[in-house]
Protein chains: 2
Amino acid sequence: MTSDAHDPAATSRAQARAARAAARTLAGLDSDARVAVLHRVAQALVDQADVVLAANAEDVAAAAPLVASGKLSASAAARLVLTPGKLATLAAGIRDIAAQPEPIGRTLRHTELADGLDLRQVTSPLGVVLVIFESRPDALPQIAALALRSGNGLLLKGGSEAARSNAVLHGVITDALAPDVPGAAIGLVTSRAAIADLLALDDVIDLVIPRGSNALVRHIQDHTRIPVLGHADGVCHVYVDVAADPAMAARVVRDSKVDYPAACNAMETLLVHRSWHADGRMTTLLGALHDVALHAHPDQTELLGLPPAPALHHEYGDLACTVAVVDDVDAAIAHVHAHGSGHTEAIVTDDAATAQRFLDGVDSACVFHNASTRFADGYRFGLGAEVGISTSRIHARGPVGVGGLLTTRWLLRGHGQTVADTKDGTVAFTHRTLPR
Amino acid sequence: MTSDAHDPAATSRAQARAARAAARTLAGLDSDARVAVLHRVAQALVDQADVVLAANAEDVAAAAPLVASGKLSASAAARLVLTPGKLATLAAGIRDIAAQPEPIGRTLRHTELADGLDLRQVTSPLGVVLVIFESRPDALPQIAALALRSGNGLLLKGGSEAARSNAVLHGVITDALAPDVPGAAIGLVTSRAAIADLLALDDVIDLVIPRGSNALVRHIQDHTRIPVLGHADGVCHVYVDVAADPAMAARVVRDSKVDYPAACNAMETLLVHRSWHADGRMTTLLGALHDVALHAHPDQTELLGLPPAPALHHEYGDLACTVAVVDDVDAAIAHVHAHGSGHTEAIVTDDAATAQRFLDGVDSACVFHNASTRFADGYRFGLGAEVGISTSRIHARGPVGVGGLLTTRWLLRGHGQTVADTKDGTVAFTHRTLPR
């Protein structure tokens with residue numbers, strides 16, 4: 001635990017500890033002051049657009065040969081690009097996050113334990129969060145804004161392709177924190193090697209959020225004792241019920257797959273009630289996926305006349321999906337539980353009872369009725385932005401906004417009461433719920 | 001993934017999967033039916049008290065030679081003992097948990113995303129929880145009741161000294177689940193070797209709660225990818241401020257240490273404002289701890305005339321504590337952050353502003369003003385019972401009752417809306433907060 005600058009592990013520890021100390025200053029500001037910080041950050045992104053875009057242009061130029069040599073996908077290169085319009089949208093998003101109700105200090109539970117013994121469970125910042133994200137530099141200001149709003153320290157590691165954009169965005173944002181908040185509240189991690197050092201700091205870092213490939217998420221889960229929030233994969237299902245409207249089914253199914261085929265909330269498996277196959281509506285439904293490579297449930301290749309899917313739990317991440325015929329809504333639910341990833345599932349039906357059965361019965365982060373799976377997103381859910389989407393059942397589930405960056409503390413106010421008093425009857429528990 | 005009964009790992013997996021399936025049945029019951037199950041369990045504990053007490057007497061008899069040979073502490077042996085009175089109290093506690101408001105399906109957030117697109121974030125059972133607890137057999141029915149109330153499956157591993165008591169309690173409780181809920185909802189794990197197999201099942205088990213020694217908690221954290229809820233240690237502080245009432249300070253300090261010295265919420269370090277030392281009030285205060293072995297902050301042995309504490313982060317778990325003089329409330333807060341475990345800290349003061357500074361500034365699960373640290377407990381907090389006390393900042397913090405066994409799901413109800421519609425303007429986001 002030396003502060004030797006030549007010891008990379010010590011440097012990482014110092015960076016994390018500085019983020020925690022700065023976060024305590026940030027969290028100690030009153031609400032108006034923290035909101036003012038966010039407005040300064042938003043304004044800085046607009047005011048300094050030129051330097052951000054210049055750095056971004058260098059990243060984009062450097063990416064071109066990587067795309068040509070196949071080392072970077074064209075879609076990843078496209079996600080690198082920032083524009084004046086994107087920066088304006090980012091600034092507007094940060095102002096939206098600033099306008100959200102104050103997240104810190106909300107009372108979730110208020111109980112009179114005994115006469116004059118008052119307990120409140122209140123929301124508090126989580127502490128220090130490490131976020132590892134790939135290519136898209138717009139993620140940096142969005143995540144920074146969520147952390148600032150919720151009084152958290154942040155350590156950010158972006159993709160190497162966006163290194164110049166991230167460095168400039170980080171500088172613009174941390175400059176805007178002054179004078180209220182030390183810039184160390186948001187640390188930028190620039191070397192891949194530092195990640196291993198940071199993952200060892202379970203006494204200083206409270207949460208790791210990896211946003212990237214399945215392999216990245218698994219690797220991080222396997223190499224840290226710090227809690228990890230995120231999703232390894234998104235094998236999302238749409239179930240078209242016997243009572244689905246054909247036009248609506250076609251629309252929802254198509255959007256769920258085609259709107260952004262590589263997204264984690266895109267449909268990977270289409271479950272169709274057996275009746276659609278029997279009466280020929282299936283053909284029309286699959287017509288809505290005319291440009292999608294269709295694969296059958298491995299047991300239904302003959303029934304459907306399609307090549308087999310590689311597995312029932314399979315994320316294509318592309319214009320491709322699995323199709324399976326099921327007997328009823330219960331079979332659809334069982335299929336989801338057996339082969340899904342607990343991310344997002346939708347039912348299309350006009351039958352209210354069947355819809356309710358699906359909404360009650362499906363144990364996934366997001367469960368939708370007559371809506372595209374693509375709505376599973378922090379911005380679309382009204383959270384302002386998201387630090388990630390979690391398929392874990394603990395802490396935060398689904399799209400995670402400011403709420404996922406909070407914990408709680410229990411504050412008890414008394415007049416000198418002791419537990420011995422409760423044993424001899426001097427203090428009697430009332431456990432009365434009080435207004436929040 | 002065979003079901004070969006001779007393969008212990010397969011047996012553990014089968015047990016965990018059966019708990020998940022049974023929990024889905026349990027969670028699918030309506031509230032009244034789940035409450036009725038709890039009342040049957042409570043009644044069974046009373047009705048079958050004789051068989052439970054007979055098994056317990058065998059455990060207690062078997063423990064005697066272990067105590068004699070020093071293999072089991074006298075206090076652990078004492079915690080083994082069940083009595084008719086304890087069983088009646090347990091039954092009453094289960095009825096209290098049954099009387100709590102329905103935990104499943106509560107709306108935490110309700111938003112109109114767009115016209116006719118309605119989003120609710122609702123509470124849902126976590127899934128399957130593995131609880132590992134030592135000696136005290138009363139923990140088994142308490143944890144079972146919390147899991148049943150919240151619709152969760154449970155795998156329980158108790159201490160070997162309580163094996164007979166646990167087996168009978170488990171049988172009585174699972175018999176009482178019929179006919180609504182399969183007994184597999186609560187699995188009893190009887191071999192220590194099975195723990196390793198269960199810790200590998202991060203696809204079936206959602207949370208592990210170890211209740212026991214620091215070493216047990218650390219071992220489990222190091223050997224699983226499943227999230228772990230609990231506390232490795234409890235180094236709790238009481239800060240006696242310049243403006244503390246001497247009689248109240250003495251009472252709170254004594255109760256915090258002496259009421260149950262081995263408890264995780266017992267005071268390990270007493271922080272005293274420098275003025276108390278200067279004006280001699282310190283001597284009177286320490287008189288309240290006349291039967292406690294006092295140790296000084298290692299830098300203050302001369303100042304205090306006490307032997308040095310082994311370390312500032314040290315859990316005595318006994319009639320012993322560390323004493324340190326600090327300059328003011330900010331120094332006390334800094335000491336807590338540097339050397340505490342984030343469990344429970346208390347301030348004694350009559351100065352409202354100083355109290356507020358401590359309550360705002362201390363980043364621990366429980367922060368108290370003029371009350372004993374010993375109040376940090378699920379029953380005392382009005383949670384009915386606790387599955388454990390968490391010093392982790394994620395998911396659940398402090399004493400954990402039913403609330404810590406819940407997750408959320410996002411339910412979206414629409415009329416066929418797609419994300420493409422939001423891009424061409426057919427569907428416009430409103431993000432309007434609706435009543436819950």
# chains A, B, ... in the order shown; residues from 1 in each chain; ligands from 1
call {"tool": "closest_atom_pairs", "arguments": {"of": "chain B", "to": "chain A", "cutoff": "6 Å", "atoms": "only C-alpha atoms", "output": "CSV"}}
result
residue,atom,partner,partner_atom,distance
B:Met248,CA,A:Gly416,CA,5.4
B:Asp255,CA,A:Thr418,CA,5.9
B:Ala365,CA,A:Arg409,CA,4.9
B:Cys366,CA,A:Trp410,CA,4.6
B:Val367,CA,A:Leu411,CA,5.1
B:Phe368,CA,A:Leu412,CA,4.6
B:His369,CA,A:Arg413,CA,4.8
B:Asn370,CA,A:Gly416,CA,4.6
B:Ala371,CA,A:Gly416,CA,4.9
B:Ser372,CA,A:Thr418,CA,5.2
B:Gly382,CA,A:His431,CA,5.4
B:Arg393,CA,A:Thr407,CA,5.8
B:Ile394,CA,A:His395,CA,5.7
B:His395,CA,A:His395,CA,3.6
B:Thr407,CA,A:Arg393,CA,5.8
B:Arg409,CA,A:Ala365,CA,4.9
B:Trp410,CA,A:Cys366,CA,4.6
B:Leu411,CA,A:Val367,CA,5.0
B:Leu412,CA,A:Phe368,CA,4.6
B:Arg413,CA,A:His369,CA,4.8
B:Gly414,CA,A:Asn370,CA,5.0
B:His415,CA,A:Asn370,CA,5.2
B:Gly416,CA,A:Asn370,CA,4.6
B:Gln417,CA,A:Ala371,CA,5.1
B:Thr418,CA,A:Ser372,CA,5.1
B:His431,CA,A:Gly382,CA,5.3
call {"tool": "select_by_dssp", "arguments": {"residues": "region 7-144 of chain A", "states": "alpha helix (DSSP H)", "output": "ChimeraX atom specification"}}
result
/A:8-28,31-47,49-68,74-80,84-99,139-144
call {"tool": "write_last_selection", "arguments": {"atoms": "C-alpha atoms", "output": "CSV table (one decimal), in the first residue's frame"}}
result
chain,number,residue,atom,x,y,z
A,8,PRO,CA,1.1,0.3,-11.2
A,9,ALA,CA,-1.0,-1.5,-8.6
A,10,ALA,CA,-0.3,1.3,-6.1
A,11,THR,CA,-1.2,3.9,-8.8
A,12,SER,CA,-4.5,2.1,-9.4
A,13,ARG,CA,-5.2,2.0,-5.7
A,14,ALA,CA,-4.4,5.7,-5.3
A,15,GLN,CA,-6.7,6.6,-8.2
A,16,ALA,CA,-9.6,4.6,-6.7
A,17,ARG,CA,-9.1,6.1,-3.3
A,18,ALA,CA,-8.9,9.6,-4.8
A,19,ALA,CA,-12.2,8.8,-6.5
A,20,ARG,CA,-13.8,7.8,-3.2
A,21,ALA,CA,-12.6,10.9,-1.4
A,22,ALA,CA,-13.8,13.2,-4.2
A,23,ALA,CA,-17.1,11.4,-4.3
A,24,ARG,CA,-17.6,12.1,-0.6
A,25,THR,CA,-17.1,15.8,-1.4
A,26,LEU,CA,-19.6,15.5,-4.3
A,27,ALA,CA,-22.2,13.7,-2.2
A,28,GLY,CA,-21.7,16.3,0.5
A,31,SER,CA,-28.8,19.2,-4.4
A,32,ASP,CA,-28.7,22.6,-6.1
A,33,ALA,CA,-24.9,22.5,-6.2
A,34,ARG,CA,-24.8,19.0,-7.6
A,35,VAL,CA,-27.3,20.1,-10.3
A,36,ALA,CA,-25.2,23.1,-11.1
A,37,VAL,CA,-22.2,20.8,-11.7
A,38,LEU,CA,-24.3,18.8,-14.2
A,39,HIS,CA,-25.3,22.0,-16.0
A,40,ARG,CA,-21.6,23.1,-16.2
A,41,VAL,CA,-20.7,19.7,-17.7
A,42,ALA,CA,-23.5,19.9,-20.3
A,43,GLN,CA,-22.5,23.5,-21.2
A,44,ALA,CA,-18.8,22.5,-21.5
A,45,LEU,CA,-19.6,19.7,-24.0
A,46,VAL,CA,-21.3,22.4,-26.2
A,47,ASP,CA,-18.6,25.0,-25.6
A,49,ALA,CA,-17.3,20.8,-29.1
A,50,ASP,CA,-14.5,21.8,-31.4
A,51,VAL,CA,-11.7,20.1,-29.4
A,52,VAL,CA,-13.9,17.0,-28.8
A,53,LEU,CA,-14.7,16.7,-32.5
A,54,ALA,CA,-11.0,17.2,-33.5
A,55,ALA,CA,-9.9,14.4,-31.2
A,56,ASN,CA,-12.7,12.2,-32.4
A,57,ALA,CA,-11.7,12.8,-36.1
A,58,GLU,CA,-8.3,11.5,-35.2
A,59,ASP,CA,-9.8,8.3,-33.7
A,60,VAL,CA,-12.1,7.9,-36.7
A,61,ALA,CA,-9.1,8.3,-39.1
A,62,ALA,CA,-7.1,5.8,-37.2
A,63,ALA,CA,-9.9,3.3,-37.3
A,64,ALA,CA,-10.2,3.3,-41.1
A,65,PRO,CA,-7.1,1.0,-41.7
A,66,LEU,CA,-8.4,-1.3,-38.8
A,67,VAL,CA,-11.6,-1.7,-40.7
A,68,ALA,CA,-9.8,-2.3,-44.0
A,74,ALA,CA,-17.6,-1.4,-39.8
A,75,SER,CA,-20.4,-1.0,-37.3
A,76,ALA,CA,-17.9,-0.5,-34.4
A,77,ALA,CA,-16.2,2.1,-36.5
A,78,ALA,CA,-19.5,3.8,-37.2
A,79,ARG,CA,-20.3,3.9,-33.4
A,80,LEU,CA,-17.0,5.8,-32.9
A,84,PRO,CA,-22.1,18.4,-33.3
A,85,GLY,CA,-25.7,17.0,-33.2
A,86,LYS,CA,-24.6,14.1,-31.0
A,87,LEU,CA,-22.9,16.4,-28.6
A,88,ALA,CA,-25.9,18.6,-28.4
A,89,THR,CA,-28.1,15.6,-27.7
A,90,LEU,CA,-25.6,14.4,-25.0
A,91,ALA,CA,-25.8,17.9,-23.4
A,92,ALA,CA,-29.6,17.8,-23.5
A,93,GLY,CA,-29.6,14.3,-21.9
A,94,ILE,CA,-27.3,15.6,-19.1
A,95,ARG,CA,-29.7,18.4,-18.4
A,96,ASP,CA,-32.6,15.9,-18.3
A,97,ILE,CA,-30.6,13.9,-15.7
A,98,ALA,CA,-30.0,17.1,-13.8
A,99,ALA,CA,-33.8,17.7,-13.8
A,139,ALA,CA,-21.1,6.5,-23.2
A,140,LEU,CA,-18.5,8.5,-21.3
A,141,PRO,CA,-20.5,11.7,-20.7
A,142,GLN,CA,-23.7,9.7,-20.1
A,143,ILE,CA,-22.2,7.5,-17.4
A,144,ALA,CA,-20.4,10.5,-15.9
call {"tool": "atom_distance", "arguments": {"atom1": "CA of Tyr239 (chain A)", "atom2": "CA of Val387 (chain A)"}}
result
28.4 Å
call {"tool": "closest_residue", "arguments": {"among": "B:Thr283, B:Ser191, B:Ser390, B:Thr426", "to": "Val208 (chain B)", "atoms": "only C-alpha atoms"}}
result
B:Ser390
call {"tool": "residues_around", "arguments": {"residues": "Ser213 (chain B)", "least_positions_apart": "2", "cutoff": "9 Å", "atoms": "only C-alpha atoms", "output": "compact mmCIF listing (two decimals) with N, CA and C atoms, in the first residue's frame"}}
result
# COMPACT_ATOMS: atom_id res chain seq x y z
N GLU B 134 -24.47 -21.03 11.15
CA GLU B 134 -23.78 -21.85 12.15
C GLU B 134 -24.66 -22.05 13.37
N PRO B 210 -23.90 -16.18 3.75
CA PRO B 210 -23.19 -16.90 4.80
C PRO B 210 -23.35 -16.14 6.12
N ARG B 211 -23.82 -16.83 7.14
CA ARG B 211 -23.94 -16.24 8.47
C ARG B 211 -22.99 -16.96 9.37
N ALA B 215 -13.94 -15.95 8.58
CA ALA B 215 -13.26 -16.91 7.69
C ALA B 215 -14.27 -17.58 6.76
N LEU B 216 -15.45 -17.93 7.29
CA LEU B 216 -16.48 -18.55 6.46
C LEU B 216 -16.89 -17.61 5.33
N VAL B 217 -17.15 -16.35 5.66
CA VAL B 217 -17.61 -15.39 4.66
C VAL B 217 -16.55 -15.19 3.58
N ARG B 218 -15.31 -14.99 4.01
CA ARG B 218 -14.21 -14.79 3.04
C ARG B 218 -14.06 -16.01 2.14
N ALA B 232 -18.20 -9.70 6.65
CA ALA B 232 -17.05 -10.46 7.12
C ALA B 232 -16.76 -10.09 8.57
N ASP B 233 -16.89 -8.81 8.90
CA ASP B 233 -16.64 -8.42 10.28
C ASP B 233 -17.47 -7.20 10.64
